Amino acid sequence: MKMKKKLAALALAGALTITSASSAFALSGWADTKATAQPLTLGSSTFQVLSSGADEDWYSYTNTTGSSINLVLELYSPSGLNYDYDYTMSFIPGYVFPVGDLGPGAVDAAAIGSLPAGETVWFRVHGHTPSDYNPAVAYTAWLHTY
(Lines give C-alpha, C1' and ligand atoms only; values in the text may rest on other atoms or scores of the structure.)
Protein backbone atom coordinates (compact mmCIF):
# COMPACT_ATOMS: atom_id res chain seq x y z
CA MET A 1 0.00 0.00 0.00
CA LYS A 2 2.80 2.43 0.87
CA MET A 3 4.49 1.69 -2.47
CA LYS A 4 1.30 2.62 -4.37
CA LYS A 5 1.10 5.94 -2.51
CA LYS A 6 4.76 6.68 -3.31
CA LEU A 7 4.22 5.85 -6.97
CA ALA A 8 1.10 8.02 -7.09
CA ALA A 9 2.99 10.90 -5.48
CA LEU A 10 5.86 10.53 -7.95
CA ALA A 11 3.44 10.43 -10.89
CA LEU A 12 1.67 13.56 -9.64
CA ALA A 13 4.99 15.37 -9.14
CA GLY A 14 6.07 14.38 -12.66
CA ALA A 15 2.79 15.57 -14.16
CA LEU A 16 3.06 18.91 -12.36
CA THR A 17 6.65 19.33 -13.57
CA ILE A 18 5.68 18.64 -17.18
CA THR A 19 2.73 21.03 -16.95
CA SER A 20 4.80 23.87 -15.53
CA ALA A 21 7.61 23.32 -18.04
CA SER A 22 5.31 23.45 -21.06
CA SER A 23 3.38 26.46 -19.82
CA ALA A 24 6.63 28.45 -19.63
CA PHE A 25 6.66 28.43 -23.45
CA ALA A 26 3.63 30.70 -23.74
CA LEU A 27 4.45 33.35 -21.16
CA SER A 28 2.93 36.66 -22.09
CA GLY A 29 5.26 39.58 -21.46
CA TRP A 30 8.38 37.38 -21.15
CA ALA A 31 11.58 39.16 -22.26
CA ASP A 32 9.59 41.49 -24.55
CA THR A 33 11.92 44.48 -24.20
CA LYS A 34 15.61 45.23 -24.04
CA ALA A 35 15.15 46.16 -20.38
CA THR A 36 13.68 42.71 -19.61
CA ALA A 37 16.09 40.72 -21.81
CA GLN A 38 16.76 37.13 -20.79
CA PRO A 39 20.50 36.64 -20.05
CA LEU A 40 22.26 33.97 -22.13
CA THR A 41 25.24 31.91 -21.05
CA LEU A 42 28.08 31.38 -23.49
CA GLY A 43 27.69 27.96 -25.09
CA SER A 44 24.01 27.71 -24.15
CA SER A 45 20.89 27.15 -26.20
CA THR A 46 17.44 28.47 -25.45
CA PHE A 47 14.10 27.23 -26.75
CA GLN A 48 11.15 29.62 -26.87
CA VAL A 49 8.09 30.45 -28.92
CA LEU A 50 6.69 33.59 -30.46
CA SER A 51 3.11 33.80 -29.21
CA SER A 52 1.82 36.34 -31.75
CA GLY A 53 2.84 38.25 -34.84
CA ALA A 54 3.79 41.20 -32.63
CA ASP A 55 5.78 39.16 -30.09
CA GLU A 56 9.53 39.59 -29.88
CA ASP A 57 11.98 38.04 -27.46
CA TRP A 58 15.07 39.81 -26.19
CA TYR A 59 18.25 38.16 -24.94
CA SER A 60 21.48 39.59 -23.59
CA TYR A 61 25.04 38.47 -23.07
CA THR A 62 27.69 40.35 -21.08
CA ASN A 63 31.30 39.42 -21.75
CA THR A 64 32.74 38.48 -18.37
CA THR A 65 35.69 36.49 -19.78
CA GLY A 66 38.25 39.22 -19.11
CA SER A 67 39.21 39.60 -22.78
CA SER A 68 37.60 40.28 -26.16
CA ILE A 69 35.73 37.36 -27.70
CA ASN A 70 34.12 36.56 -31.04
CA LEU A 71 30.48 35.51 -30.78
CA VAL A 72 27.84 33.89 -32.97
CA LEU A 73 24.15 33.62 -32.23
CA GLU A 74 22.51 30.97 -34.41
CA LEU A 75 18.74 31.26 -34.71
CA TYR A 76 16.94 28.09 -35.85
CA SER A 77 13.46 28.94 -37.11
CA PRO A 78 10.72 26.30 -36.85
CA SER A 79 9.96 24.47 -40.09
CA GLY A 80 7.89 26.63 -42.45
CA LEU A 81 8.37 29.80 -40.39
CA ASN A 82 10.78 32.67 -40.94
CA TYR A 83 12.20 34.19 -37.76
CA ASP A 84 14.83 36.91 -37.80
CA TYR A 85 17.04 38.63 -35.28
CA ASP A 86 19.10 41.76 -34.98
CA TYR A 87 21.43 42.96 -32.25
CA THR A 88 22.75 46.04 -30.49
CA MET A 89 25.90 46.52 -28.43
CA SER A 90 26.52 48.62 -25.35
CA PHE A 91 29.68 50.26 -26.74
CA ILE A 92 27.94 51.31 -30.00
CA PRO A 93 24.71 52.80 -28.61
CA GLY A 94 21.78 53.46 -30.92
CA TYR A 95 22.96 51.28 -33.81
CA VAL A 96 21.00 48.13 -34.71
CA PHE A 97 22.92 45.46 -36.60
CA PRO A 98 20.63 43.52 -38.95
CA VAL A 99 21.31 39.83 -39.56
CA GLY A 100 20.92 38.28 -43.00
CA ASP A 101 17.66 36.42 -43.57
CA LEU A 102 17.90 32.93 -45.06
CA GLY A 103 14.15 32.24 -45.20
CA PRO A 104 11.64 29.86 -43.62
CA GLY A 105 13.05 27.02 -41.53
CA ALA A 106 16.63 28.17 -42.09
CA VAL A 107 19.40 29.08 -39.65
CA ASP A 108 20.22 32.79 -39.44
CA ALA A 109 23.59 33.65 -37.89
CA ALA A 110 25.94 36.59 -37.59
CA ALA A 111 29.52 36.80 -36.42
CA ILE A 112 30.03 39.43 -33.77
CA GLY A 113 33.76 40.01 -33.82
CA SER A 114 35.71 41.24 -30.85
CA LEU A 115 33.12 41.95 -28.14
CA PRO A 116 35.28 43.73 -25.53
CA ALA A 117 35.46 42.51 -21.94
CA GLY A 118 32.64 43.95 -19.82
CA GLU A 119 30.47 44.90 -22.81
CA THR A 120 26.92 43.67 -23.44
CA VAL A 121 25.16 42.60 -26.61
CA TRP A 122 21.36 42.36 -26.88
CA PHE A 123 19.57 40.12 -29.40
CA ARG A 124 15.98 40.70 -30.56
CA VAL A 125 14.17 37.67 -32.08
CA HIS A 126 10.99 38.34 -34.08
CA GLY A 127 8.92 37.02 -36.95
CA HIS A 128 9.88 38.11 -40.46
CA THR A 129 6.22 38.98 -41.14
CA PRO A 130 3.21 39.25 -38.79
CA SER A 131 2.18 35.70 -39.80
CA ASP A 132 5.56 34.18 -38.88
CA TYR A 133 4.84 32.81 -35.42
CA ASN A 134 3.51 29.66 -33.78
CA PRO A 135 2.87 29.51 -30.03
CA ALA A 136 3.09 25.70 -30.16
CA VAL A 137 6.50 25.31 -31.86
CA ALA A 138 9.76 26.54 -30.36
CA TYR A 139 12.66 28.20 -32.09
CA THR A 140 16.22 27.60 -30.90
CA ALA A 141 18.85 30.25 -30.28
CA TRP A 142 22.43 29.09 -29.63
CA LEU A 143 25.16 31.47 -28.43
CA HIS A 144 28.77 30.37 -28.84
CA THR A 145 32.25 31.59 -29.76
CA TYR A 146 34.06 31.13 -33.06
# chains A, B, ... in the order shown; residues from 1 in each chain; ligands from 1
$ residues_around --residues "Trp122 in chain A" --least-positions-apart "2" --cutoff "8 Å" --atoms "only C-alpha atoms" --output "PyMOL selection string"
chain A and resi 34+37+58-61+87-89+120+124
$ residues_around --residues "Tyr85 in chain A" --least-positions-apart "4" --cutoff "8 Å" --atoms "only C-alpha atoms" --output "PDB file with N, CA and C atoms, in the first residue's frame"
ATOM      1  N   LEU A  75      20.181  31.308 -34.936  1.00  0.00           N
ATOM      2  CA  LEU A  75      18.736  31.257 -34.714  1.00  0.00           C
ATOM      3  C   LEU A  75      18.148  30.219 -35.658  1.00  0.00           C
ATOM      4  N   PRO A  98      21.533  44.537 -38.398  1.00  0.00           N
ATOM      5  CA  PRO A  98      20.628  43.525 -38.952  1.00  0.00           C
ATOM      6  C   PRO A  98      21.407  42.242 -39.261  1.00  0.00           C
ATOM      7  N   VAL A  99      20.705  41.125 -39.237  1.00  0.00           N
ATOM      8  CA  VAL A  99      21.307  39.835 -39.565  1.00  0.00           C
ATOM      9  C   VAL A  99      20.657  39.327 -40.833  1.00  0.00           C
ATOM     10  N   ASP A 108      19.628  31.456 -39.260  1.00  0.00           N
ATOM     11  CA  ASP A 108      20.216  32.786 -39.439  1.00  0.00           C
ATOM     12  C   ASP A 108      21.328  32.936 -38.399  1.00  0.00           C
ATOM     13  N   PHE A 123      20.131  40.729 -28.202  1.00  0.00           N
ATOM     14  CA  PHE A 123      19.575  40.116 -29.402  1.00  0.00           C
ATOM     15  C   PHE A 123      18.050  40.216 -29.353  1.00  0.00           C
ATOM     16  N   ARG A 124      17.431  40.596 -30.471  1.00  0.00           N
ATOM     17  CA  ARG A 124      15.977  40.696 -30.556  1.00  0.00           C
ATOM     18  C   ARG A 124      15.482  39.704 -31.611  1.00  0.00           C
ATOM     19  N   VAL A 125      14.727  38.688 -31.186  1.00  0.00           N
ATOM     20  CA  VAL A 125      14.168  37.672 -32.079  1.00  0.00           C
ATOM     21  C   VAL A 125      12.719  38.047 -32.371  1.00  0.00           C
ATOM     22  N   HIS A 126      12.343  37.964 -33.665  1.00  0.00           N
ATOM     23  CA  HIS A 126      10.986  38.337 -34.078  1.00  0.00           C
ATOM     24  C   HIS A 126      10.635  37.620 -35.373  1.00  0.00           C
TER      25      HIS A 126
END
$ atom_distance --atom1 "CA of Val49 in chain A" --atom2 "CA of Leu143 in chain A"
17.1 Å
$ atom_distance --atom1 "CA of Pro135 in chain A" --atom2 "CA of Tyr83 in chain A"
13.0 Å
$ residues_around --residues "Asn82 in chain A" --least-positions-apart "3" --cutoff "12 Å" --atoms "only C-alpha atoms" --output "PyMOL selection string"
chain A and resi 50+53+75-79+85+100-108+125-134+139
$ select_by_dssp --residues "range 12-143 of chain A" --states "alpha helix (DSSP H)" --output "ChimeraX atom specification"
/A:12-23
$ atom_distance --atom1 "CA of Val121 in chain A" --atom2 "CA of Gly29 in chain A"
20.8 Å
$ residues_around --residues "Ala141 in chain A" --least-positions-apart "4" --cutoff "8 Å" --atoms "only C-alpha atoms" --output "NGL selection string"
:A and (45-47 or 73-76)
